[in-house]
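Reproduced below: query_23.cif, with mmCIF, C-alpha atoms.
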```
data_query
#
loop_
_atom_site.group_PDB
_atom_site.id
_atom_site.type_symbol
_atom_site.label_atom_id
_atom_site.label_comp_id
_atom_site.auth_asym_id
_atom_site.auth_seq_id
_atom_site.Cartn_x
_atom_site.Cartn_y
_atom_site.Cartn_z
ATOM 1 C CA MET A 1 118.098 -122.640 -4.535
ATOM 2 C CA SER A 2 116.808 -120.472 -7.339
ATOM 3 C CA PRO A 3 118.595 -117.194 -8.226
ATOM 4 C CA LYS A 4 115.498 -115.280 -7.182
ATOM 5 C CA VAL A 5 115.526 -116.761 -3.683
ATOM 6 C CA ARG A 6 119.290 -116.198 -3.391
ATOM 7 C CA LEU A 7 118.874 -112.558 -4.378
ATOM 8 C CA ARG A 8 116.080 -112.189 -1.874
ATOM 9 C CA GLN A 9 118.279 -113.577 0.907
ATOM 10 C CA ARG A 10 121.113 -111.233 -0.012
ATOM 11 C CA MET A 11 118.758 -108.291 0.003
ATOM 12 C CA ARG A 12 117.583 -109.354 3.429
ATOM 13 C CA VAL A 13 121.173 -109.266 4.710
ATOM 14 C CA VAL A 14 121.677 -105.802 3.221
ATOM 15 C CA LEU A 15 118.456 -104.709 4.838
ATOM 16 C CA HIS A 16 119.642 -105.863 8.250
ATOM 17 C CA MET A 17 122.978 -104.092 7.812
ATOM 18 C CA VAL A 18 121.282 -100.854 6.839
ATOM 19 C CA MET A 19 118.922 -101.165 9.789
ATOM 20 C CA ALA A 20 121.890 -101.695 12.136
ATOM 21 C CA LEU A 21 123.570 -98.605 10.671
ATOM 22 C CA VAL A 22 120.414 -96.532 11.176
ATOM 23 C CA LEU A 23 120.171 -97.675 14.807
ATOM 24 C CA MET A 24 123.841 -96.794 15.391
ATOM 25 C CA ILE A 25 123.247 -93.312 13.969
ATOM 26 C CA LEU A 26 120.224 -92.905 16.242
ATOM 27 C CA LEU A 27 122.317 -93.870 19.269
ATOM 28 C CA ALA A 28 124.994 -91.367 18.209
ATOM 29 C CA GLN A 29 122.320 -88.685 17.887
ATOM 30 C CA LEU A 30 121.083 -89.498 21.380
ATOM 31 C CA TRP A 31 124.619 -89.121 22.714
ATOM 32 C CA LEU A 32 125.033 -85.787 20.885
ATOM 33 C CA PHE A 33 121.759 -84.619 22.423
ATOM 34 C CA THR A 34 122.991 -85.412 25.956
ATOM 35 C CA VAL A 35 126.298 -83.642 25.241
ATOM 36 C CA THR A 36 124.399 -80.546 24.093
ATOM 37 C CA LEU A 37 122.186 -80.605 27.186
ATOM 38 C CA ASP A 38 125.298 -80.766 29.348
ATOM 39 C CA VAL A 39 126.848 -77.831 27.479
ATOM 40 C CA MET A 40 123.616 -75.872 27.860
ATOM 41 C CA GLU A 41 123.601 -76.335 31.628
ATOM 42 C CA THR A 42 127.329 -75.758 32.188
ATOM 43 C CA ARG A 43 128.241 -72.095 32.111
ATOM 44 C CA GLY A 44 131.934 -72.691 31.398
ATOM 45 C CA ALA A 45 131.310 -75.053 28.484
ATOM 46 C CA SER A 46 131.900 -73.638 25.040
ATOM 47 C CA ALA A 47 128.935 -73.003 22.750
ATOM 48 C CA GLU A 48 131.065 -74.210 19.836
ATOM 49 C CA ILE A 49 130.748 -77.768 21.186
ATOM 50 C CA ALA A 50 126.962 -77.460 21.010
ATOM 51 C CA ILE A 51 127.151 -76.089 17.465
ATOM 52 C CA ALA A 52 129.438 -78.944 16.392
ATOM 53 C CA ALA A 53 127.047 -81.468 17.979
ATOM 54 C CA LEU A 54 124.154 -79.828 16.163
ATOM 55 C CA CYS A 55 125.941 -80.122 12.808
ATOM 56 C CA CYS A 56 126.754 -83.790 13.447
ATOM 57 C CA SER A 57 123.148 -84.466 14.478
ATOM 58 C CA PHE A 58 121.905 -82.813 11.292
ATOM 59 C CA ILE A 59 124.232 -84.957 9.183
ATOM 60 C CA GLY A 60 123.053 -88.059 11.055
ATOM 61 C CA CYS A 61 119.416 -87.125 10.463
ATOM 62 C CA ALA A 62 120.062 -86.542 6.764
ATOM 63 C CA VAL A 63 121.838 -89.890 6.451
ATOM 64 C CA VAL A 64 118.992 -91.728 8.215
ATOM 65 C CA TRP A 65 116.372 -90.213 5.911
ATOM 66 C CA SER A 66 118.540 -90.872 2.855
ATOM 67 C CA LEU A 67 118.993 -94.508 3.845
ATOM 68 C CA ILE A 68 115.280 -94.876 4.411
ATOM 69 C CA ARG A 69 114.353 -93.277 1.110
ATOM 70 C CA LEU A 70 117.072 -94.778 -1.081
ATOM 71 C CA CYS A 71 117.757 -98.175 0.415
ATOM 72 C CA LEU A 72 114.975 -99.554 2.551
ATOM 73 C CA ARG A 73 112.190 -98.675 0.155
ATOM 74 C CA ASN A 74 114.050 -100.159 -2.807
ATOM 75 C CA CYS A 75 114.875 -103.358 -0.924
ATOM 76 C CA SER A 76 111.250 -104.202 -0.216
ATOM 77 C CA MET B 1 78.315 -113.587 8.661
ATOM 78 C CA SER B 2 79.852 -110.228 9.593
ATOM 79 C CA LYS B 3 82.360 -109.968 12.414
ATOM 80 C CA ASP B 4 82.075 -107.437 15.193
ATOM 81 C CA PHE B 5 85.842 -106.843 15.007
ATOM 82 C CA PRO B 6 87.009 -107.437 11.429
ATOM 83 C CA ILE B 7 90.728 -107.066 12.276
ATOM 84 C CA SER B 8 92.309 -109.971 14.123
ATOM 85 C CA THR B 9 94.702 -109.415 17.048
ATOM 86 C CA GLU B 10 97.691 -110.666 15.001
ATOM 87 C CA GLU B 11 96.983 -108.203 12.202
ATOM 88 C CA ASP B 12 96.388 -105.376 14.635
ATOM 89 C CA GLY B 13 99.810 -105.867 16.262
ATOM 90 C CA PHE B 14 101.639 -106.162 12.932
ATOM 91 C CA VAL B 15 103.968 -103.262 12.165
ATOM 92 C CA THR B 16 104.797 -102.767 8.515
ATOM 93 C CA ARG B 17 108.316 -101.965 7.367
ATOM 94 C CA ARG B 18 107.097 -98.571 6.178
ATOM 95 C CA GLU B 19 105.694 -97.759 9.622
ATOM 96 C CA PHE B 20 108.876 -98.894 11.346
ATOM 97 C CA THR B 21 111.194 -96.880 9.094
ATOM 98 C CA LYS B 22 108.920 -93.880 9.511
ATOM 99 C CA PHE B 23 109.266 -94.269 13.274
ATOM 100 C CA LEU B 24 113.081 -94.414 12.961
ATOM 101 C CA GLY B 25 113.136 -91.333 10.751
ATOM 102 C CA LEU B 26 110.909 -89.369 13.109
ATOM 103 C CA THR B 27 113.037 -90.426 16.087
ATOM 104 C CA SER B 28 116.098 -89.101 14.278
ATOM 105 C CA LEU B 29 114.279 -85.829 13.580
ATOM 106 C CA ALA B 30 113.244 -85.578 17.231
ATOM 107 C CA PHE B 31 116.873 -85.959 18.388
ATOM 108 C CA PHE B 32 117.952 -83.287 15.925
ATOM 109 C CA ALA B 33 115.158 -80.960 17.075
ATOM 110 C CA GLY B 34 116.158 -81.483 20.721
ATOM 111 C CA THR B 35 119.795 -80.715 19.933
ATOM 112 C CA LEU B 36 118.719 -77.634 17.980
ATOM 113 C CA ILE B 37 116.649 -76.322 20.908
ATOM 114 C CA ALA B 38 119.449 -76.965 23.432
ATOM 115 C CA THR B 39 122.004 -75.224 21.198
ATOM 116 C CA GLY B 40 119.644 -72.295 20.683
ATOM 117 C CA ARG B 41 119.167 -71.984 24.420
ATOM 118 C CA LYS B 42 122.921 -72.021 25.027
ATOM 119 C CA LEU B 43 123.442 -69.262 22.453
ATOM 120 C CA TRP B 44 120.531 -67.282 23.925
ATOM 121 C CA LYS B 45 122.095 -67.539 27.386
ATOM 122 C CA ARG B 46 125.388 -66.274 25.983
ATOM 123 C CA VAL B 47 123.683 -63.269 24.402
ATOM 124 C CA MET B 48 121.704 -62.486 27.558
ATOM 125 C CA ALA B 49 124.778 -62.848 29.791
ATOM 126 C CA GLY B 50 126.558 -60.308 27.609
ATOM 127 C CA LYS B 51 123.660 -57.894 28.019
ATOM 128 C CA ALA B 52 123.201 -58.336 31.788
ATOM 129 C CA GLU B 53 124.098 -55.228 33.712
ATOM 130 C CA GLU B 54 126.114 -55.043 36.890
ATOM 131 C CA VAL B 55 123.974 -54.319 39.934
ATOM 132 C CA HIS B 56 124.802 -53.484 43.545
ATOM 133 C CA VAL B 57 123.235 -55.865 46.021
ATOM 134 C CA ALA B 58 124.560 -54.710 49.383
ATOM 135 C CA ALA B 59 126.658 -52.160 51.197
ATOM 136 C CA LEU B 60 130.058 -53.381 52.415
ATOM 137 C CA ASP B 61 129.125 -53.060 56.082
ATOM 138 C CA GLU B 62 125.684 -54.562 55.596
ATOM 139 C CA ILE B 63 126.926 -58.154 55.849
ATOM 140 C CA GLY B 64 129.302 -59.382 58.546
ATOM 141 C CA VAL B 65 131.973 -62.030 58.024
ATOM 142 C CA SER B 66 130.373 -65.513 57.675
ATOM 143 C CA GLU B 67 127.010 -63.943 56.980
ATOM 144 C CA TYR B 68 124.978 -63.949 53.801
ATOM 145 C CA LYS B 69 122.357 -62.001 51.938
ATOM 146 C CA LEU B 70 119.718 -63.267 49.542
ATOM 147 C CA PHE B 71 118.881 -61.309 46.429
ATOM 148 C CA ARG B 72 117.414 -61.852 42.980
ATOM 149 C CA TYR B 73 119.389 -61.416 39.795
ATOM 150 C CA PRO B 74 118.956 -60.826 36.898
ATOM 151 C CA THR B 75 115.173 -61.346 37.183
ATOM 152 C CA GLU B 76 112.791 -61.840 40.103
ATOM 153 C CA ASN B 77 112.731 -65.562 39.261
ATOM 154 C CA ASP B 78 116.475 -66.025 39.823
ATOM 155 C CA PRO B 79 117.295 -66.351 43.545
ATOM 156 C CA CYS B 80 120.943 -65.705 44.381
ATOM 157 C CA ILE B 81 123.028 -65.709 47.533
ATOM 158 C CA LEU B 82 125.864 -63.367 48.470
ATOM 159 C CA LEU B 83 128.365 -64.675 51.037
ATOM 160 C CA ARG B 84 131.013 -62.808 52.970
ATOM 161 C CA LEU B 85 133.709 -65.387 53.670
ATOM 162 C CA ASP B 86 136.363 -62.970 54.837
ATOM 163 C CA VAL B 87 136.726 -59.239 55.438
ATOM 164 C CA GLU B 88 137.578 -58.642 51.795
ATOM 165 C CA LYS B 89 136.216 -61.841 50.253
ATOM 166 C CA PHE B 90 132.698 -61.833 48.861
ATOM 167 C CA VAL B 91 131.294 -64.554 46.621
ATOM 168 C CA ALA B 92 127.874 -64.887 45.017
ATOM 169 C CA PHE B 93 126.070 -67.835 43.491
ATOM 170 C CA ASN B 94 122.761 -68.679 41.948
ATOM 171 C CA GLN B 95 120.872 -70.210 44.858
ATOM 172 C CA ARG B 96 119.397 -73.043 42.810
ATOM 173 C CA CYS B 97 120.976 -76.432 43.424
ATOM 174 C CA THR B 98 122.246 -77.878 40.141
ATOM 175 C CA HIS B 99 120.579 -81.203 40.969
ATOM 176 C CA LEU B 100 116.866 -80.389 41.147
ATOM 177 C CA SER B 101 116.833 -76.623 41.746
ATOM 178 C CA CYS B 102 116.113 -76.583 45.489
ATOM 179 C CA PRO B 103 117.518 -73.437 47.156
ATOM 180 C CA VAL B 104 120.903 -74.038 48.790
ATOM 181 C CA LEU B 105 121.604 -72.767 52.315
ATOM 182 C CA PHE B 106 124.838 -71.405 53.755
ATOM 183 C CA ASN B 107 126.559 -73.330 56.531
ATOM 184 C CA ALA B 108 129.152 -70.870 57.823
ATOM 185 C CA ALA B 109 130.815 -73.353 60.217
ATOM 186 C CA ALA B 110 131.532 -75.846 57.460
ATOM 187 C CA ARG B 111 132.057 -73.088 54.864
ATOM 188 C CA GLN B 112 129.678 -74.930 52.579
ATOM 189 C CA LEU B 113 126.425 -74.409 50.752
ATOM 190 C CA GLU B 114 124.015 -77.246 51.430
ATOM 191 C CA CYS B 115 120.959 -78.418 49.590
ATOM 192 C CA PRO B 116 118.442 -79.675 52.177
ATOM 193 C CA CYS B 117 116.397 -81.654 49.640
ATOM 194 C CA HIS B 118 118.867 -84.352 48.630
ATOM 195 C CA LYS B 119 121.954 -83.510 50.680
ATOM 196 C CA GLY B 120 124.078 -81.895 48.035
ATOM 197 C CA PHE B 121 127.128 -80.017 49.326
ATOM 198 C CA PHE B 122 129.009 -77.247 47.524
ATOM 199 C CA SER B 123 132.158 -75.357 48.453
ATOM 200 C CA ALA B 124 131.385 -71.801 49.518
ATOM 201 C CA ASP B 125 134.699 -70.658 47.995
ATOM 202 C CA ASP B 126 134.021 -71.532 44.371
ATOM 203 C CA GLY B 127 130.707 -73.415 44.254
ATOM 204 C CA ARG B 128 132.218 -76.749 43.229
ATOM 205 C CA VAL B 129 130.466 -79.950 44.268
ATOM 206 C CA ILE B 130 131.846 -81.556 47.421
ATOM 207 C CA ALA B 131 129.351 -84.367 47.925
ATOM 208 C CA GLY B 132 125.872 -85.543 47.059
ATOM 209 C CA PRO B 133 123.912 -86.060 43.852
ATOM 210 C CA PRO B 134 124.683 -82.766 42.012
ATOM 211 C CA LYS B 135 127.122 -83.143 39.126
ATOM 212 C CA ARG B 136 127.717 -79.497 38.264
ATOM 213 C CA SER B 137 129.059 -76.572 40.273
ATOM 214 C CA LEU B 138 126.804 -73.785 41.419
ATOM 215 C CA GLU B 139 126.495 -70.949 38.945
ATOM 216 C CA ALA B 140 128.881 -68.282 40.213
ATOM 217 C CA LEU B 141 128.449 -64.540 39.758
ATOM 218 C CA THR B 142 131.307 -62.085 39.391
ATOM 219 C CA VAL B 143 131.586 -59.934 42.509
ATOM 220 C CA SER B 144 133.372 -56.598 42.719
ATOM 221 C CA LEU B 145 133.710 -54.073 45.526
ATOM 222 C CA ARG B 146 133.366 -50.423 44.595
ATOM 223 C CA ASP B 147 132.280 -47.217 46.312
ATOM 224 C CA GLY B 148 131.604 -49.068 49.542
ATOM 225 C CA ARG B 149 129.169 -51.393 47.800
ATOM 226 C CA VAL B 150 129.117 -54.960 46.581
ATOM 227 C CA TRP B 151 128.365 -55.316 42.863
ATOM 228 C CA VAL B 152 127.517 -58.521 41.036
ATOM 229 C CA LYS B 153 127.405 -59.451 37.374
ATOM 230 C CA HIS B 154 126.931 -62.634 35.402
ATOM 231 C CA GLU B 155 130.145 -64.408 34.527
ATOM 232 C CA SER B 156 130.502 -64.320 30.768
ATOM 233 C CA GLU B 157 129.318 -67.457 28.931
ATOM 234 C CA SER B 158 131.878 -69.324 26.870
#
```
Re-express the file's structure as structure tokens.
Amino acid sequence: MSPKVRLRQRMRVVLHMVMALVLMILLAQLWLFTVTLDVMETRGASAEIAIAALCCSFIGCAVVWSLIRLCLRNCS
Amino acid sequence: MSKDFPISTEEDGFVTRREFTKFLGLTSLAFFAGTLIATGRKLWKRVMAGKAEEVHVAALDEIGVSEYKLFRYPTENDPCILLRLDVEKFVAFNQRCTHLSCPVLFNAAARQLECPCHKGFFSADDGRVIAGPPKRSLEALTVSLRDGRVWVKHESES
């Protein structure tokens, strides 16, 4: 196996790991969205929970875009 | 010879990595936007609840024990129900079922509020769910008795 092919295979593994990470972040964002909806509909629930979920969702979104821009494009 | 459809089915169904990552990024943005809107709405509700004024909805002798009165608060689009459970005990709730917003009805014998659409049952004492598909309690209003009248106000948002 030539070094070029080996490198290509390794990059493919990295690509899959990054993709799995992105999907996990998306699932977490979905969960945060449902939590926020629940807080919105429940009068007794604290608005701080919604704000915390919003911050986490923003961080998740930033990480996803960073991974896409920095990693996935360079791996192609 | 020219083809009528120059793109083959295989090529048409092919999704490039760029397209797929773009889809993932936009999905992430959509989740963030949804969370942002829901948080904004929660904060808006909190502000509006703080501004809502107390209103009188009935005279003390207007409703007998185990009777109810329908009213709208704080806007004409918000149906509410005032219940007299005891001589001195009045409670008020938003009349919308927390399942799919059907109006709940008072069953004095069972001391429950019932949703006729999907058989949701709520306690008339505090609006908590007793049975059925609803997951959340009815939205309660703060009731006070003053000057021979029944006054209601939104409970403050957390």
(request) Starting from the shown file, work through the PyMOL selection byres ((chain B) within 10 of (chain A)) and note down what comes out as a ChimeraX atom specification. (result) /B:17-18,21-22,24-46,98,136-140,155-158
(message) If we draw a sphere of 10 Å around (130.8, -75.4, 55.6), which residues have at least one atom in it when counting all atoms listed in the file? Please report them as a list of chain:residue names.
(response)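 Those residues lying close to the given coordinates are B:Phe106, B:Asn107, B:Ala108, B:Ala109, B:Ala110, B:Arg111, B:Gln112, B:Leu113, B:Glu114, B:Phe121, B:Phe122, B:Ser123, B:Ala124, B:Asp125.
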(request) Using atom CA of Lys69 of chain B and atom CA of Gly120 of chain B as the two end points, give the distance in Å to one decimal. (result)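 Computing the Euclidean distance for atom CA of Lys69 of chain B and atom CA of Gly120 of chain B yields 20.3 Å.
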(request) Find the distance between atom CA of Ser101 of chain B and atom CA of Leu82 of chain B and write it in Å to one decimal. (result)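 Distance between the two atoms: 17.4 Å.
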Taking the file as I've supplied it (selection: the PyMOL selection byres ((chain B and resi 54) around 10)), which residues are included? Please answer as a short mmCIF file (atom, residue, chain, number, x, y, z; two decimals) with C-alpha atoms, in the frame of the given file.
```cif
data_model
loop_
_atom_site.label_atom_id
_atom_site.label_comp_id
_atom_site.auth_asym_id
_atom_site.auth_seq_id
_atom_site.Cartn_x
_atom_site.Cartn_y
_atom_site.Cartn_z
CA LYS B 51 123.66 -57.89 28.02
CA ALA B 52 123.20 -58.34 31.79
CA GLU B 53 124.10 -55.23 33.71
CA VAL B 55 123.97 -54.32 39.93
CA HIS B 56 124.80 -53.48 43.54
CA VAL B 57 123.24 -55.86 46.02
CA TYR B 73 119.39 -61.42 39.80
CA PRO B 74 118.96 -60.83 36.90
CA THR B 142 131.31 -62.08 39.39
CA VAL B 143 131.59 -59.93 42.51
CA SER B 144 133.37 -56.60 42.72
CA TRP B 151 128.36 -55.32 42.86
CA VAL B 152 127.52 -58.52 41.04
CA LYS B 153 127.40 -59.45 37.37
CA HIS B 154 126.93 -62.63 35.40
#
```
On this structure, which residues satisfy the PyMOL selection byres ((chain B and resi 68) around 9), written as a PDB file with C-alpha atoms, keeping the file's coordinate frame?
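So out.pdb came out as:
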```pdb
ATOM      1  CA  ILE B  63     126.926 -58.154  55.849  1.00  0.00           C
ATOM      2  CA  GLY B  64     129.302 -59.382  58.546  1.00  0.00           C
ATOM      3  CA  VAL B  65     131.973 -62.030  58.024  1.00  0.00           C
ATOM      4  CA  SER B  66     130.373 -65.513  57.675  1.00  0.00           C
ATOM      5  CA  GLU B  67     127.010 -63.943  56.980  1.00  0.00           C
ATOM      6  CA  LYS B  69     122.357 -62.001  51.938  1.00  0.00           C
ATOM      7  CA  LEU B  70     119.718 -63.267  49.542  1.00  0.00           C
ATOM      8  CA  ILE B  81     123.028 -65.709  47.533  1.00  0.00           C
ATOM      9  CA  LEU B  82     125.864 -63.367  48.470  1.00  0.00           C
ATOM     10  CA  LEU B  83     128.365 -64.675  51.037  1.00  0.00           C
ATOM     11  CA  ARG B  84     131.013 -62.808  52.970  1.00  0.00           C
ATOM     12  CA  LEU B  85     133.709 -65.387  53.670  1.00  0.00           C
ATOM     13  CA  PHE B 106     124.838 -71.405  53.755  1.00  0.00           C
TER      14      PHE B 106
END
```
(message) Residues proximal to (121.6, -87.0, 42.8) were defined as those with any atom within 10 Å of that point in the file's coordinates, counting only C-alpha atoms. Which are they, as a count of residues only?
(response) 11
(message) One decimal, in Å: what's the spacing between atom CA of Ala92 of chain B and atom CA of Phe71 of chain B?
(response)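 Rounded to one decimal, the two atoms are 9.8 Å apart.
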Output, as AutoDock Vina command-line options, the centre and edge lengths in Å (one decimal) of the axis-aligned box that contains all listed atoms of segment 82-98 of chain B with 3 Å of margin on each side.
```
--center_x 128.5 --center_y -68.3 --center_z 47.8 --size_x 24.2 --size_y 25.2 --size_z 21.3
```
(request) Would you please work out which residue, of B:Asp4, B:Asp86, B:Asp61, B:Gln95, is nearest to Val150 of chain B when using all atoms listed in the file? (result)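 Of all the options, B:Asp61 lies closest to Val150 of chain B.
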